[in-house]
file start_15.pdb (PDB, C-alpha atoms)
MODEL        1
ATOM      1  CA  GLY A   1       0.000   0.000   0.000
ATOM      2  CA  ALA A   2       0.795   3.730  -0.071
ATOM      3  CA  VAL A   3       2.214   3.848  -3.572
ATOM      4  CA  VAL A   4       3.099   7.168  -5.163
ATOM      5  CA  SER A   5       3.689   7.371  -8.885
ATOM      6  CA  GLN A   6       5.658  10.199 -10.442
ATOM      7  CA  HIS A   7       5.821  10.885 -14.142
ATOM      8  CA  PRO A   8       7.903  11.384 -16.171
ATOM      9  CA  SER A   9      10.973   9.834 -14.618
ATOM     10  CA  TRP A  10      13.367  11.631 -16.948
ATOM     11  CA  VAL A  11      13.021  14.796 -19.004
ATOM     12  CA  ILE A  12      15.505  16.463 -21.310
ATOM     13  CA  CYS A  13      14.381  19.653 -22.978
ATOM     14  CA  LYS A  14      15.560  22.935 -24.383
ATOM     15  CA  SER A  15      15.923  26.107 -22.391
ATOM     16  CA  GLY A  16      12.711  28.116 -22.306
ATOM     17  CA  THR A  17      10.435  25.097 -22.338
ATOM     18  CA  SER A  18       7.841  24.532 -19.643
ATOM     19  CA  VAL A  19       7.837  21.093 -18.080
ATOM     20  CA  LYS A  20       4.997  19.473 -16.152
ATOM     21  CA  ILE A  21       5.621  16.719 -13.608
ATOM     22  CA  GLU A  22       2.773  14.641 -12.252
ATOM     23  CA  CYS A  23       2.517  13.041  -8.847
ATOM     24  CA  ARG A  24      -0.232  10.532  -8.165
ATOM     25  CA  SER A  25      -1.172   8.579  -5.098
ATOM     26  CA  LEU A  26      -2.302   5.258  -6.518
ATOM     27  CA  ASP A  27      -3.940   3.471  -3.623
ATOM     28  CA  PHE A  28      -4.802   6.200  -1.159
ATOM     29  CA  GLN A  29      -6.159   9.711  -1.055
ATOM     30  CA  ALA A  30      -3.577  12.321  -0.230
ATOM     31  CA  THR A  31      -4.789  15.480   1.415
ATOM     32  CA  THR A  32      -1.254  16.803   1.449
ATOM     33  CA  MET A  33       1.488  16.471  -1.115
ATOM     34  CA  PHE A  34       5.003  17.823  -1.022
ATOM     35  CA  TRP A  35       7.485  18.780  -3.710
ATOM     36  CA  TYR A  36      11.211  18.513  -3.142
ATOM     37  CA  ARG A  37      14.319  19.267  -5.086
ATOM     38  CA  GLN A  38      17.527  17.344  -4.620
ATOM     39  CA  PHE A  39      20.950  18.249  -5.946
ATOM     40  CA  PRO A  40      23.575  15.529  -6.413
ATOM     41  CA  LYS A  41      24.825  14.122  -3.140
ATOM     42  CA  GLN A  42      22.711  16.507  -1.139
ATOM     43  CA  SER A  43      19.656  16.274   1.017
ATOM     44  CA  LEU A  44      16.108  17.005  -0.039
ATOM     45  CA  MET A  45      15.060  20.613  -0.146
ATOM     46  CA  LEU A  46      11.353  21.215   0.362
ATOM     47  CA  MET A  47       9.986  23.507  -2.305
ATOM     48  CA  ALA A  48       6.298  23.631  -1.440
ATOM     49  CA  THR A  49       3.436  21.962   0.353
ATOM     50  CA  SER A  50       0.306  21.306  -1.593
ATOM     51  CA  ASN A  51      -3.123  20.823  -0.062
ATOM     52  CA  GLU A  52      -5.984  19.582  -2.177
ATOM     53  CA  GLY A  53      -8.262  22.377  -3.280
ATOM     54  CA  SER A  54      -6.166  25.217  -1.962
ATOM     55  CA  LYS A  55      -3.112  27.179  -2.960
ATOM     56  CA  ALA A  56       0.282  25.667  -2.345
ATOM     57  CA  THR A  57       2.508  26.985   0.399
ATOM     58  CA  TYR A  58       5.960  27.760  -0.915
ATOM     59  CA  GLU A  59       9.177  27.717   1.067
ATOM     60  CA  GLN A  60      11.203  30.847   1.351
ATOM     61  CA  GLY A  61      13.268  31.493  -1.736
ATOM     62  CA  VAL A  62      11.158  29.363  -4.071
ATOM     63  CA  GLU A  63       9.628  31.362  -6.903
ATOM     64  CA  LYS A  64       5.884  30.772  -7.102
ATOM     65  CA  ASP A  65       5.662  31.936 -10.702
ATOM     66  CA  LYS A  66       8.527  29.706 -11.686
ATOM     67  CA  PHE A  67       7.288  26.543 -10.038
ATOM     68  CA  LEU A  68       3.540  26.281 -10.460
ATOM     69  CA  ILE A  69       1.821  23.699  -8.282
ATOM     70  CA  ASN A  70      -1.689  22.452  -8.753
ATOM     71  CA  HIS A  71      -3.369  19.952  -6.439
ATOM     72  CA  ALA A  72      -6.664  19.472  -8.220
ATOM     73  CA  SER A  73      -7.736  16.202  -6.641
ATOM     74  CA  LEU A  74      -6.956  13.965  -3.711
ATOM     75  CA  THR A  75      -4.785  11.779  -5.901
ATOM     76  CA  LEU A  76      -3.003  14.193  -8.202
ATOM     77  CA  SER A  77      -0.620  17.087  -7.814
ATOM     78  CA  THR A  78       1.385  18.657 -10.616
ATOM     79  CA  LEU A  79       4.519  20.754 -10.655
ATOM     80  CA  THR A  80       5.143  22.894 -13.723
ATOM     81  CA  VAL A  81       8.573  24.377 -14.185
ATOM     82  CA  THR A  82       7.887  27.377 -16.377
ATOM     83  CA  SER A  83      10.406  28.648 -18.900
ATOM     84  CA  ALA A  84      13.009  26.252 -17.591
ATOM     85  CA  HIS A  85      16.687  27.162 -17.729
ATOM     86  CA  PRO A  86      19.820  25.065 -17.149
ATOM     87  CA  GLU A  87      19.957  26.087 -13.489
ATOM     88  CA  ASP A  88      16.591  24.389 -13.015
ATOM     89  CA  SER A  89      18.164  21.054 -13.862
ATOM     90  CA  SER A  90      17.772  18.831 -10.835
ATOM     91  CA  PHE A  91      16.085  15.797  -9.356
ATOM     92  CA  TYR A  92      12.517  16.612  -8.345
ATOM     93  CA  ILE A  93      10.677  14.329  -5.932
ATOM     94  CA  CYS A  94       7.117  14.426  -4.769
ATOM     95  CA  SER A  95       5.619  12.828  -1.714
ATOM     96  CA  ALA A  96       2.137  12.267  -0.402
ATOM     97  CA  ARG A  97       0.727  11.787   3.043
ATOM     98  CA  VAL A  98      -2.383   9.830   3.860
ATOM     99  CA  SER A  99      -3.679  12.485   6.185
ATOM    100  CA  ALA A 100      -2.857  16.009   7.254
ATOM    101  CA  TYR A 101      -1.593  14.724  10.595
ATOM    102  CA  SER A 102       2.177  14.915  10.752
ATOM    103  CA  ASN A 103       2.514  11.571  12.481
ATOM    104  CA  GLN A 104       1.810   9.901   9.175
ATOM    105  CA  PRO A 105       4.854   9.190   7.023
ATOM    106  CA  GLN A 106       5.309  10.764   3.646
ATOM    107  CA  HIS A 107       5.447   8.287   0.789
ATOM    108  CA  PHE A 108       7.679   9.287  -2.061
ATOM    109  CA  GLY A 109       7.496   8.989  -5.804
ATOM    110  CA  ASP A 110      10.432   7.718  -7.834
ATOM    111  CA  GLY A 111      11.533  11.212  -8.740
ATOM    112  CA  THR A 112      11.995  13.079 -12.007
ATOM    113  CA  ARG A 113      15.422  13.904 -13.377
ATOM    114  CA  LEU A 114      15.126  17.166 -15.258
ATOM    115  CA  SER A 115      17.887  18.239 -17.609
ATOM    116  CA  ILE A 116      17.616  21.583 -19.353
ATOM    117  CA  LEU A 117      19.935  22.071 -22.306
TER     118      LEU A 117
ATOM    119  CA  ALA B 118      14.418  25.855  15.297
ATOM    120  CA  GLN B 119      14.324  22.252  14.228
ATOM    121  CA  LYS B 120      17.422  20.574  12.955
ATOM    122  CA  VAL B 121      18.596  17.081  12.123
ATOM    123  CA  THR B 122      22.280  16.213  12.070
ATOM    124  CA  GLN B 123      23.760  13.134  10.475
ATOM    125  CA  ALA B 124      27.443  13.586  11.144
ATOM    126  CA  GLN B 125      28.514  10.546   9.129
ATOM    127  CA  THR B 126      28.691  11.545   5.491
ATOM    128  CA  GLU B 127      29.859   8.193   4.196
ATOM    129  CA  ILE B 128      30.358   4.789   5.749
ATOM    130  CA  SER B 129      31.929   1.801   4.091
ATOM    131  CA  VAL B 130      31.647  -1.687   5.543
ATOM    132  CA  VAL B 131      32.200  -5.208   4.389
ATOM    133  CA  GLU B 132      29.255  -7.512   3.996
ATOM    134  CA  LYS B 133      28.066  -9.142   7.232
ATOM    135  CA  GLU B 134      29.431  -6.365   9.392
ATOM    136  CA  ASP B 135      27.075  -4.492  11.681
ATOM    137  CA  VAL B 136      26.792  -0.763  11.093
ATOM    138  CA  THR B 137      25.153   2.065  13.022
ATOM    139  CA  LEU B 138      23.996   5.282  11.428
ATOM    140  CA  ASP B 139      23.796   8.200  13.810
ATOM    141  CA  CYS B 140      21.068  10.818  13.950
ATOM    142  CA  VAL B 141      20.884  13.729  16.361
ATOM    143  CA  TYR B 142      17.996  16.151  16.334
ATOM    144  CA  GLU B 143      17.037  19.491  17.819
ATOM    145  CA  THR B 144      13.531  20.676  18.527
ATOM    146  CA  ARG B 145      11.686  22.772  21.074
ATOM    147  CA  ASP B 146       8.517  20.765  20.681
ATOM    148  CA  THR B 147       7.544  18.238  23.290
ATOM    149  CA  THR B 148       5.648  16.159  20.757
ATOM    150  CA  TYR B 149       7.328  15.303  17.505
ATOM    151  CA  TYR B 150       7.965  12.440  15.122
ATOM    152  CA  LEU B 151      11.156  10.929  13.822
ATOM    153  CA  PHE B 152      11.564   9.003  10.597
ATOM    154  CA  TRP B 153      14.188   7.071   8.699
ATOM    155  CA  TYR B 154      14.150   6.794   4.916
ATOM    156  CA  LYS B 155      16.345   4.831   2.531
ATOM    157  CA  GLN B 156      17.302   6.185  -0.887
ATOM    158  CA  PRO B 157      18.907   3.515  -3.092
ATOM    159  CA  PRO B 158      20.832   4.496  -6.241
ATOM    160  CA  SER B 159      17.621   4.382  -8.249
ATOM    161  CA  GLY B 160      16.460   7.494  -6.410
ATOM    162  CA  GLU B 161      13.161   6.727  -4.755
ATOM    163  CA  LEU B 162      12.871   7.243  -1.015
ATOM    164  CA  VAL B 163      11.618   4.279   0.946
ATOM    165  CA  PHE B 164       9.982   4.793   4.321
ATOM    166  CA  LEU B 165      11.575   2.610   7.001
ATOM    167  CA  ILE B 166      10.241   3.667  10.381
ATOM    168  CA  ARG B 167       8.373   6.309  12.343
ATOM    169  CA  ARG B 168       8.869   6.963  16.033
ATOM    170  CA  ASN B 169       6.749   9.161  18.314
ATOM    171  CA  SER B 170       8.514  11.364  20.825
ATOM    172  CA  PHE B 171       6.582   9.838  23.700
ATOM    173  CA  ASP B 172       7.529   6.291  22.799
ATOM    174  CA  GLU B 173      11.126   5.550  23.627
ATOM    175  CA  GLN B 174      10.831   1.836  23.145
ATOM    176  CA  ASN B 175      13.464   0.551  20.776
ATOM    177  CA  GLU B 176      12.313  -1.310  17.716
ATOM    178  CA  ILE B 177      13.653  -4.223  15.742
ATOM    179  CA  SER B 178      12.555  -5.256  12.290
ATOM    180  CA  GLY B 179      14.570  -8.122  10.896
ATOM    181  CA  ARG B 180      18.145  -6.935  10.507
ATOM    182  CA  TYR B 181      17.159  -3.347  11.259
ATOM    183  CA  SER B 182      16.934  -1.844  14.717
ATOM    184  CA  TRP B 183      16.459   1.655  16.012
ATOM    185  CA  ASN B 184      17.580   3.173  19.280
ATOM    186  CA  PHE B 185      15.683   6.274  20.371
ATOM    187  CA  GLN B 186      17.055   8.207  23.335
ATOM    188  CA  LYS B 187      15.362  11.479  24.230
ATOM    189  CA  SER B 188      18.018  12.264  26.827
ATOM    190  CA  THR B 189      20.613  12.628  24.096
ATOM    191  CA  SER B 190      18.184  13.625  21.306
ATOM    192  CA  SER B 191      19.356  10.730  19.206
ATOM    193  CA  PHE B 192      17.608   8.248  16.966
ATOM    194  CA  ASN B 193      20.246   5.852  15.716
ATOM    195  CA  PHE B 194      19.757   3.122  13.153
ATOM    196  CA  THR B 195      21.643  -0.168  13.186
ATOM    197  CA  ILE B 196      21.852  -2.698  10.392
ATOM    198  CA  THR B 197      22.971  -6.104  11.547
ATOM    199  CA  ALA B 198      24.861  -8.418   9.193
ATOM    200  CA  SER B 199      24.844  -5.863   6.405
ATOM    201  CA  GLN B 200      24.274  -6.898   2.812
ATOM    202  CA  VAL B 201      25.216  -5.327  -0.501
ATOM    203  CA  VAL B 202      21.547  -4.475  -1.072
ATOM    204  CA  ASP B 203      21.708  -2.213   1.966
ATOM    205  CA  SER B 204      23.945   0.167   0.016
ATOM    206  CA  ALA B 205      22.037   3.442  -0.172
ATOM    207  CA  VAL B 206      21.771   6.903   1.289
ATOM    208  CA  TYR B 207      19.870   6.895   4.562
ATOM    209  CA  PHE B 208      18.041   9.983   5.743
ATOM    210  CA  CYS B 209      16.837  10.739   9.222
ATOM    211  CA  ALA B 210      13.965  13.234   9.425
ATOM    212  CA  LEU B 211      11.987  15.130  12.055
ATOM    213  CA  SER B 212       8.457  16.484  12.003
ATOM    214  CA  GLU B 213       6.673  18.579  14.562
ATOM    215  CA  ALA B 214       3.267  17.394  15.698
ATOM    216  CA  GLY B 215       0.171  18.921  14.285
ATOM    217  CA  TYR B 216      -2.500  18.999  11.653
ATOM    218  CA  GLY B 217      -2.210  20.844   8.415
ATOM    219  CA  GLY B 218       0.324  20.363   5.689
ATOM    220  CA  ALA B 219       2.504  23.430   5.676
ATOM    221  CA  THR B 220       3.198  23.459   9.374
ATOM    222  CA  ASN B 221       4.249  19.856   9.631
ATOM    223  CA  LYS B 222       6.971  19.489   7.090
ATOM    224  CA  LEU B 223       9.773  16.989   7.352
ATOM    225  CA  ILE B 224      13.159  18.311   8.305
ATOM    226  CA  PHE B 225      15.753  16.054   6.733
ATOM    227  CA  GLY B 226      19.305  15.421   7.772
ATOM    228  CA  THR B 227      22.016  15.564   5.155
ATOM    229  CA  GLY B 228      22.014  11.806   4.775
ATOM    230  CA  THR B 229      24.594   9.077   5.235
ATOM    231  CA  LEU B 230      25.868   7.151   2.246
ATOM    232  CA  LEU B 231      26.330   3.531   3.209
ATOM    233  CA  ALA B 232      28.450   1.390   0.940
ATOM    234  CA  VAL B 233      28.459  -2.321   1.683
ATOM    235  CA  GLN B 234      31.302  -4.100  -0.052
ATOM    236  CA  PRO B 235      30.982  -7.786  -0.965
TER     237      PRO B 235
ENDMDL
END

call {"tool": "encode", "arguments": {"input": "start_15.pdb", "output": "structure tokens"}}
result
Amino acid sequence: GAVVSQHPSWVICKSGTSVKIECRSLDFQATTMFWYRQFPKQSLMLMATSNEGSKATYEQGVEKDKFLINHASLTLSTLTVTSAHPEDSSFYICSARVSAYSNQPQHFGDGTRLSIL
Amino acid sequence: AQKVTQAQTEISVVEKEDVTLDCVYETRDTTYYLFWYKQPPSGELVFLIRRNSFDEQNEISGRYSWNFQKSTSSFNFTITASQVVDSAVYFCALSEAGYGGATNKLIFGTGTLLAVQP
């Protein structure tokens, strides 16, 4: 149980392109989803918290207009990197939690490796 | 402020050795949750364990065991008789108690890369 699917797993695109990453909870409803960014050999950096039906809460320093998050249903959240540039290249990981209570673990997707040329 | 410290950046052991991964945390909350995750080379994070701050009982799951000590703010993870498949980055994480997504985020440590040699 508690499977999170992330798609695509790998994206290579030209600078200036917008890229959409999907995060789905397959066997549970996720009231809260999280988006992380991870640089090589580093820890996860939380970008934003997404609650179904409401606006995402972004961490300090994360550009809202650059990283658009939509949590339209209890099983789907999307992250759109708008007008991506090489510095946006990274490993993006989503996670979902069964409930809004923090005692529940976050279950992670497989991640998306984004390479901007 | 909350903080998680994993002082061991990399550990290398030979198969069948026991290995302990250290985790020290800081928080002002009296109720909080601690987690361990495994990130193999493929990238996905795998949930291993959750511990409540009011439950200091140690836990064993197969070759894995966890030692939680509030007195030293530590939540260490031991792998007994390590195997090559245990090679991964292991993250310790802390979450404050509460309801509502944005206020209960996970604070991750910097991770420990465990390499188990055959």

call {"tool": "resolve_selection", "arguments": {"input": "start_15.pdb", "expression": "the PyMOL selection byres ((chain B and resi 169-182) around 10)", "output": "ChimeraX atom specification"}}
result
/A:103 /B:135-137,146-152,165-168,183-187,190,192-200,212-214

call {"tool": "resolve_selection", "arguments": {"input": "start_15.pdb", "expression": "the ChimeraX specification (/A :<12) & /B", "output": "ChimeraX atom specification"}}
result
/B:121-123,126-127,148-170,205-230

call {"tool": "atom_distance", "arguments": {"input": "start_15.pdb", "atom1": "atom CA of A:His85", "atom2": "atom CA of A:Met47"}}
result
17.2 Å

call {"tool": "closest_residue", "arguments": {"input": "start_15.pdb", "among": "B:Leu231, B:Ala118, B:Ile128, B:Tyr142", "to": "B:Thr189", "atoms": "all atoms listed in the file"}}
result
B:Tyr142

call {"tool": "atom_distance", "arguments": {"input": "start_15.pdb", "atom1": "atom CA of A:Ala96", "atom2": "atom CA of A:Pro8"}}
result
16.8 Å

call {"tool": "atom_distance", "arguments": {"input": "start_15.pdb", "atom1": "atom CA of B:Ser129", "atom2": "atom CA of B:Val201"}}
result
10.8 Å

call {"tool": "resolve_selection", "arguments": {"input": "start_15.pdb", "expression": "the PyMOL selection byres ((chain A and resi 5) around 6)", "output": "number ranges by chain"}}
result
A: 4, 6, 23-24, 109

call {"tool": "closest_residue", "arguments": {"input": "start_15.pdb", "among": "A:Ser9, A:Ser15, A:Ser89, A:Ser54", "to": "A:Pro40", "atoms": "all atoms listed in the file"}}
result
A:Ser89

call {"tool": "axis_aligned_box", "arguments": {"input": "start_15.pdb", "around": "stretch 5-21 of chain A", "padding_each_side": "4 Å", "output": "AutoDock Vina command-line options"}}
result
--center_x 9.8 --center_y 17.7 --center_z -16.6 --size_x 20.2 --size_y 28.7 --size_z 23.5
